[in-house]
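> I have a structure here, written as structure tokens, and I will follow up with some questions on it.
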Amino acid sequence: MQPGSIEQQIERHLLKVEKPGRYVGGEYNSVVKDWARADVKVALAFPDIYDLGMSNLGIMNLYHQVNQRDDMLAERVFSPWLDMEAVMREQQIPLYSLESKRPIRDFDLLGISLPYEQLYTNAINMLDLAGMPLLSRDRDESYPLVIAGGHACFNPEPMADFIDAFVIGEGEEIIVEIAAELGRLRGLRRDEQLRQIARIQGMYVPRFYDVDYRVDGTVRSVTPNQPGIPARVLKRIVLTLPKPFTKFIVPNIDTVHNRAPIEIMRGCTRGCRFCHAGMVTRPVRERPVAEIMAAIDEIVRYTGFEEISLLSLSSSDYVWVEELAEEVNRVYKDAGLSLSLPSLRIESASADLLEKIGGTRRSGFTFAPEAATEKMRDLINKYVPDDQVIQTARDVYSRGWRTIKFYFMIGHPDETLDDVQAIIDLCGRTLREGTKILGKKATLNVGVSTFIPKPHTPFQWAPQDTRESVERKQAMLKQQMRRGGMHLRWNTYDDSEFEGWLSRGDRRLSRVIRRAWELGCKFDAWQDQHKHGRWLQAFDESGINPDFYNFRERDLDEVFPWDHIDVGLRKKFLQEDYLMSIRRETRVDCRDKCFACGILPKFAKERATTEDLAWECPPVTPISERGRQRTVEIPLSAIG
Amino acid sequence: MTHLSPVVQRLRITFGKAGTLTYTSNLDMAKIWERVLRRAELPLLYTRGFNTRPRISLAMPLPLGISSDCEILDISLRERIAFCEASLRERLLAVSPQGLSIVAINEVDPRSSTMQSLIMSAEYRIRFHDPLERACLQRKIDELLGQESIIVERRRRRKRSVMDVRPLILSLEMDEHADLLAHLSVGDRGNLRPDHLLELLDMDGMHSSIHRSRLHRLPE
């Protein structure tokens with residue numbers, strides 16, 4: 001197709017679709033390079049609509065890394081919404097990039113961002129819209145190489161049939177390496193190209209691994225079927241965070257998070273057992289305050305954004321958080337700029353921090369106590385006593401914030417209705433504190449999500465809670481939490497069940513995903529679009545029992561479909577932590593005491609090149625002093 | 001008691017919208033301007049309160065998909081800047097998205113009333129991309145203008161009303177390129193959008209592009 005013709009074709013139809021600005025590009029700071037002069041062309045895809053994809057920091061980072069190179073270009077592509085997809089299919093307009101309006105098939109590399117599992121059907125829908133065969137084995141070297149990365153890819157197996165190669169871990173450096181390598185491999189057969197790509201540390205090429213199953217359906221082994229392919233793929237990390245990206249594309253239409261993010265810290269030392277991000281993003285790497293301040297300044301000048309959020313998994317744990325707040329307050333107090341610092345700990349100091357940082361605009365105050373009883377707090381290893389919750393709420397309300405938002409989690413199999421009642425009671429007490437101070441103006445928004453056991457976490461062995469149990473717990477919440485000043489949000493069980501399947505799924509799920517897509521499933525992250533019945537039908541037609549993935553309590557020595565993906569953690573460490581959870585034993589922040597998760601020895605060589613405290617990892621505790629963690633293996637059936 | 005910061009200087013920017021930017025709604029256009037002005041480091045005056053906004057206003061909403069070179073933006077500054085149209089234009093264009101053009105910049109009296117209340121009508125040029133017979137277009141124009149009243153039903157927030165839109169067509173003619181030139185009322189006193197006019201002409205199915213070329217204001 002001639003360049004320019006897609007532009008002309010869509011122009012006739014744009015006014016018939018909702019928010020046509022999603023499909024035209026042309027934004028300030030978007031990079032349109034001379035097509036002919038770039039040797040390697042990369043299309044970066046976020047498999048949801050523009051409004052969401054434009055808020056994704058990962059995509060922007062990669063866009064910047066590739067476009068920095070004179071010999072490469074990167075362009076964006078998002079999922080068209082249903083109305084636009086209908087137009088494109090009817091008019092036979094192929095999926096195209098926003099910058100040059102070139103068909104995706106004209107690119108050398110298609111990089112798909114998969115931060116969460118609900119995007120899988122959209123990802124394959126994009127392949128189809130691009131006019132590409134869905135299955136990796138059906139695509140030869142005449143098609144762009146399809147790679148995927150993002151947090152969901154720490155278990156790449158459900159998407160193994162569709163993706164040529166996965167990026168395991170952090171993408172900032174590797175994306176350019178892959179693109180450069182691909183330039184050198186031009187003209188070779190796809191298989192050969194992939195053999196070379198697989199040599200790049202952090203790249204996983206599913207076709208070079210054979211999966212052997214046991215009679216009971218669990219995995220017996222995953223083994224390379226080629227010489228020179230690593231038995232386990234170690235994730236890629238950057239030793240220190242690259243300078244923050246600041247030349248954000250400024251959208252011409254409103255988007256979900258219409259603001260610029262700056263990552264202040266990567267990784268987390270808290271060790272909450274349910275937290276996938278906390279386990280897979282180790283080690284902790286922090287950014288110096290001066291670098292953050294310089295980034296804020298650049299963002300204001302380059303983008304004109306009025307809102308910047310300072311991101312990390314646990315902002316209170318960022319070592320220089322006080323200093324950062326002081327600096328922000330000093331420089332931007334009256335600048336009409338709004339900064340947000342999410343993921344603060346539940347403590348009074350957080351109110352101080354936000355007051356300093358928030359400037360003229362006040363967003364709500366969000367905290368995640370997660371659980372409301374001692375038992376559940378021990379079990380998930382996130383300990384925040386009630387008094388601290390109440391005291392913090394009091395501090396926040398009395399400084400004039402009217403809204404607090406709490407996040408809780410239900411659905412751990414050992415949770416009882418009493419534990420759920422405690423959530424209701426704690427929220428009630430919190431709001432009463434607010435009412436004492438602010439009267440009826442005080443509000444408490446409560447989000448109660450359903451726990452989903454994730455791969456590479458201590459709960460990867462645990463069964464997911466059943467529909468009956470979760471819905472009973474939710475009914476309790478709904479009944480008692482619908483009152484003045486309190487707003488409750490929850491996940492439907494359909495959504496949680498669906499996420500569970502894909503989270504701990506294996507390669508056989510590729511078949512199910514494909515069938516579900518054929519049956520019309522897409523936009524599964526949108527509650528009103530997710531078609532649960534069709535998914536069940538897809539499982540049924542594929543001869544796979546979905547409950548196998550969600551409700552089994554896994555044996556301690558079970559081989560998981562993702563065991564050959566190495567996130568740097570020892571399986572033994574996760575196992576110990578799981579057993580401790582069952583015994584209700586907790587672990588402190590690992591900055592205070594190292595539990596030998598495995599990240600240090602795994603990256604020993606790399607760490608030797610960084611400063612001593614760069615990763616916030618203390619010296620490994622000698623084995624003799626780690627008696628508390630030595631575990632006796634007890635059969636799980638005895639624990640119940 | 002807090003005092004309102006005074007408007008030290010008011011600038012009126014006449015600007016154009018073309019290409020991809022025509023798919024930006026009026027509300028989003030205000031946001032684009034806000035950010036352009038911030039990138040240009042102009043000393044904007046902000047509203048007070050928790051959700052502070054710069055004091056800027058667009059004169060007359062431009063419907064989606066329509067290009068223009070006569071849009072008007074008023075901005076209020078908290079500090080006086082040395083006014084030089086050429087350098088200011090350059091400063092703004094350097095930080096503008098594709099499709100935004102600057103036609104003129106004027107200094108206006110900070111106490112003058114906003115443009116929005118003064119605009120009465122707008123001129124549009126409608127170009128058809130599908131083949132069209134001149135005679136056919138002329139006949140349609142004549143038929144429409146020949147009607148004494150054109151009663152249409154309008155729905156606004158679930159309320160239905162009927163109104164006569166004939167008086168809102170101030171002029172309608174075809175030029176030598178077979179473009180349609182329409183002068184239509186805009187604003188609260190009666191508003192007829194050019195896409196609506198095409199419906200009245202039974203030409204809304206045709207591939208066309210619409211350009212707003214002039215805004216008319218009440219004589220002061």
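We label chains A, B, ... in the order they appear in the structure tokens, count residues from 1 in each chain, and number ligands from 1 in the order shown.
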Would you mind listing what lies within 6 Å of B:Leu58 as a list in words, with only C-alpha atoms counted and same-chain residues fewer than 2 positions away left out?

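Result of the neighbour search: Met60, Ile72 and Leu73 of chain B.
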
> Quick one: everything within 8 Å of B:Ala18, counting only C-alpha atoms, minus sequence neighbours fewer than 2 positions away in the same chain. Send it as an mmCIF file with N, CA and C atoms, in the first residue's frame.


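See around33.cif below for the written result:
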data_model
loop_
_atom_site.group_PDB
_atom_site.id
_atom_site.type_symbol
_atom_site.label_atom_id
_atom_site.label_comp_id
_atom_site.auth_asym_id
_atom_site.auth_seq_id
_atom_site.Cartn_x
_atom_site.Cartn_y
_atom_site.Cartn_z
ATOM 1 N N GLY B 16 -5.454 29.289 13.645
ATOM 2 C CA GLY B 16 -6.052 28.360 12.702
ATOM 3 C C GLY B 16 -5.848 26.927 13.147
ATOM 4 N N THR B 20 -4.609 17.057 11.350
ATOM 5 C CA THR B 20 -4.999 16.149 12.446
ATOM 6 C C THR B 20 -5.655 16.911 13.593
ATOM 7 N N LEU B 21 -5.307 18.159 13.734
ATOM 8 C CA LEU B 21 -5.834 18.916 14.867
ATOM 9 C C LEU B 21 -7.341 19.185 14.769
ATOM 10 N N THR B 22 -7.897 19.027 13.557
ATOM 11 C CA THR B 22 -9.343 19.251 13.435
ATOM 12 C C THR B 22 -10.123 18.160 14.171
ATOM 13 N N ILE B 66 -13.785 20.215 11.495
ATOM 14 C CA ILE B 66 -13.815 21.435 10.685
ATOM 15 C C ILE B 66 -12.507 22.202 10.872
ATOM 16 N N SER B 67 -11.916 22.605 9.766
ATOM 17 C CA SER B 67 -10.686 23.397 9.867
ATOM 18 C C SER B 67 -11.064 24.873 9.944
ATOM 19 N N SER B 68 -10.101 25.698 10.295
ATOM 20 C CA SER B 68 -10.419 27.113 10.476
ATOM 21 C C SER B 68 -9.154 27.946 10.408
ATOM 22 N N GLY B 99 -0.556 21.460 12.841
ATOM 23 C CA GLY B 99 -1.924 21.845 12.487
ATOM 24 C C GLY B 99 -2.388 23.136 13.130
ATOM 25 N N LEU B 100 -1.620 23.638 14.110
ATOM 26 C CA LEU B 100 -1.983 24.898 14.752
ATOM 27 C C LEU B 100 -1.239 26.033 14.056
#

> Taking only C-alpha atoms into account, which residues of chain A are within 9 Å of chain B, as a list in words?

Arg12, Leu14, Leu15, Lys19, Pro20, Gly21, Arg22, Val24, Gly25, Gly26, Glu27, Tyr28, Asn29, Val250, Pro251, Asn252, Ile253, Asp254, Val300, Arg301, Tyr302, Thr303, Gly304, Phe305, Glu306, Gly336, Thr360, Arg361 and Arg362 of chain A

> What's the 10 Å shell around stretch 187-189 of chain B, counting only C-alpha atoms, without same-chain residues fewer than 2 positions away, as a PDB file with C-alpha atoms, in the first residue's frame?


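Once written, result35.pdb looks like this:
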ATOM      1  CA  ALA B  59     -14.480  32.504  21.573  1.00  0.00           C
ATOM      2  CA  MET B  60     -16.684  30.081  19.692  1.00  0.00           C
ATOM      3  CA  PRO B  61     -16.659  26.279  19.704  1.00  0.00           C
ATOM      4  CA  GLN B 116     -17.756  34.678  23.210  1.00  0.00           C
ATOM      5  CA  SER B 117     -20.647  37.019  24.006  1.00  0.00           C
ATOM      6  CA  LEU B 118     -20.010  39.121  20.905  1.00  0.00           C
ATOM      7  CA  ILE B 119     -19.834  36.584  18.096  1.00  0.00           C
ATOM      8  CA  MET B 120     -22.981  36.431  16.015  1.00  0.00           C
ATOM      9  CA  SER B 121     -22.265  34.477  12.881  1.00  0.00           C
ATOM     10  CA  ALA B 122     -19.641  32.544  10.995  1.00  0.00           C
ATOM     11  CA  LEU B 168     -30.113  31.268  10.754  1.00  0.00           C
ATOM     12  CA  SER B 185     -25.701  32.202  12.788  1.00  0.00           C
ATOM     13  CA  ASN B 191     -26.860  28.244  16.065  1.00  0.00           C
ATOM     14  CA  LEU B 192     -26.769  26.308  12.802  1.00  0.00           C
TER      15      LEU B 192
END

> Could you pull out the strand (DSSP E or B) residues of stretch 62-186 of chain A, going by DSSP on the backbone, and write them as a VMD selection string?

chain A and resid 72 to 78 96 103 109 to 113 145 to 149 165 to 167 169

> Could you take the residues named above and write them with C-alpha atoms, as a short mmCIF file (atom, residue, chain, number, x, y, z; two decimals), in the first residue's frame?


data_model
loop_
_atom_site.label_atom_id
_atom_site.label_comp_id
_atom_site.auth_asym_id
_atom_site.auth_seq_id
_atom_site.Cartn_x
_atom_site.Cartn_y
_atom_site.Cartn_z
CA MET A 72 16.16 3.38 13.69
CA LEU A 73 12.65 4.67 14.08
CA ALA A 74 9.84 3.78 16.45
CA GLU A 75 6.17 4.51 15.88
CA ARG A 76 3.07 3.85 17.98
CA VAL A 77 0.04 1.70 17.38
CA PHE A 78 -2.96 1.09 19.64
CA TYR A 96 -1.28 1.22 10.79
CA PRO A 103 0.81 -0.65 7.66
CA LEU A 109 9.80 -5.36 14.49
CA LEU A 110 6.48 -5.26 16.29
CA GLY A 111 6.88 -4.88 20.05
CA ILE A 112 3.71 -5.54 22.01
CA SER A 113 3.36 -4.33 25.55
CA LEU A 145 9.34 -10.07 14.11
CA VAL A 146 6.75 -10.06 16.89
CA ILE A 147 8.10 -9.60 20.39
CA ALA A 148 6.28 -8.92 23.66
CA GLY A 149 7.34 -7.62 27.03
CA ALA A 165 10.19 -13.86 21.26
CA PHE A 166 9.54 -12.44 24.71
CA VAL A 167 11.56 -9.82 26.53
CA GLY A 169 12.50 -8.13 32.43
#
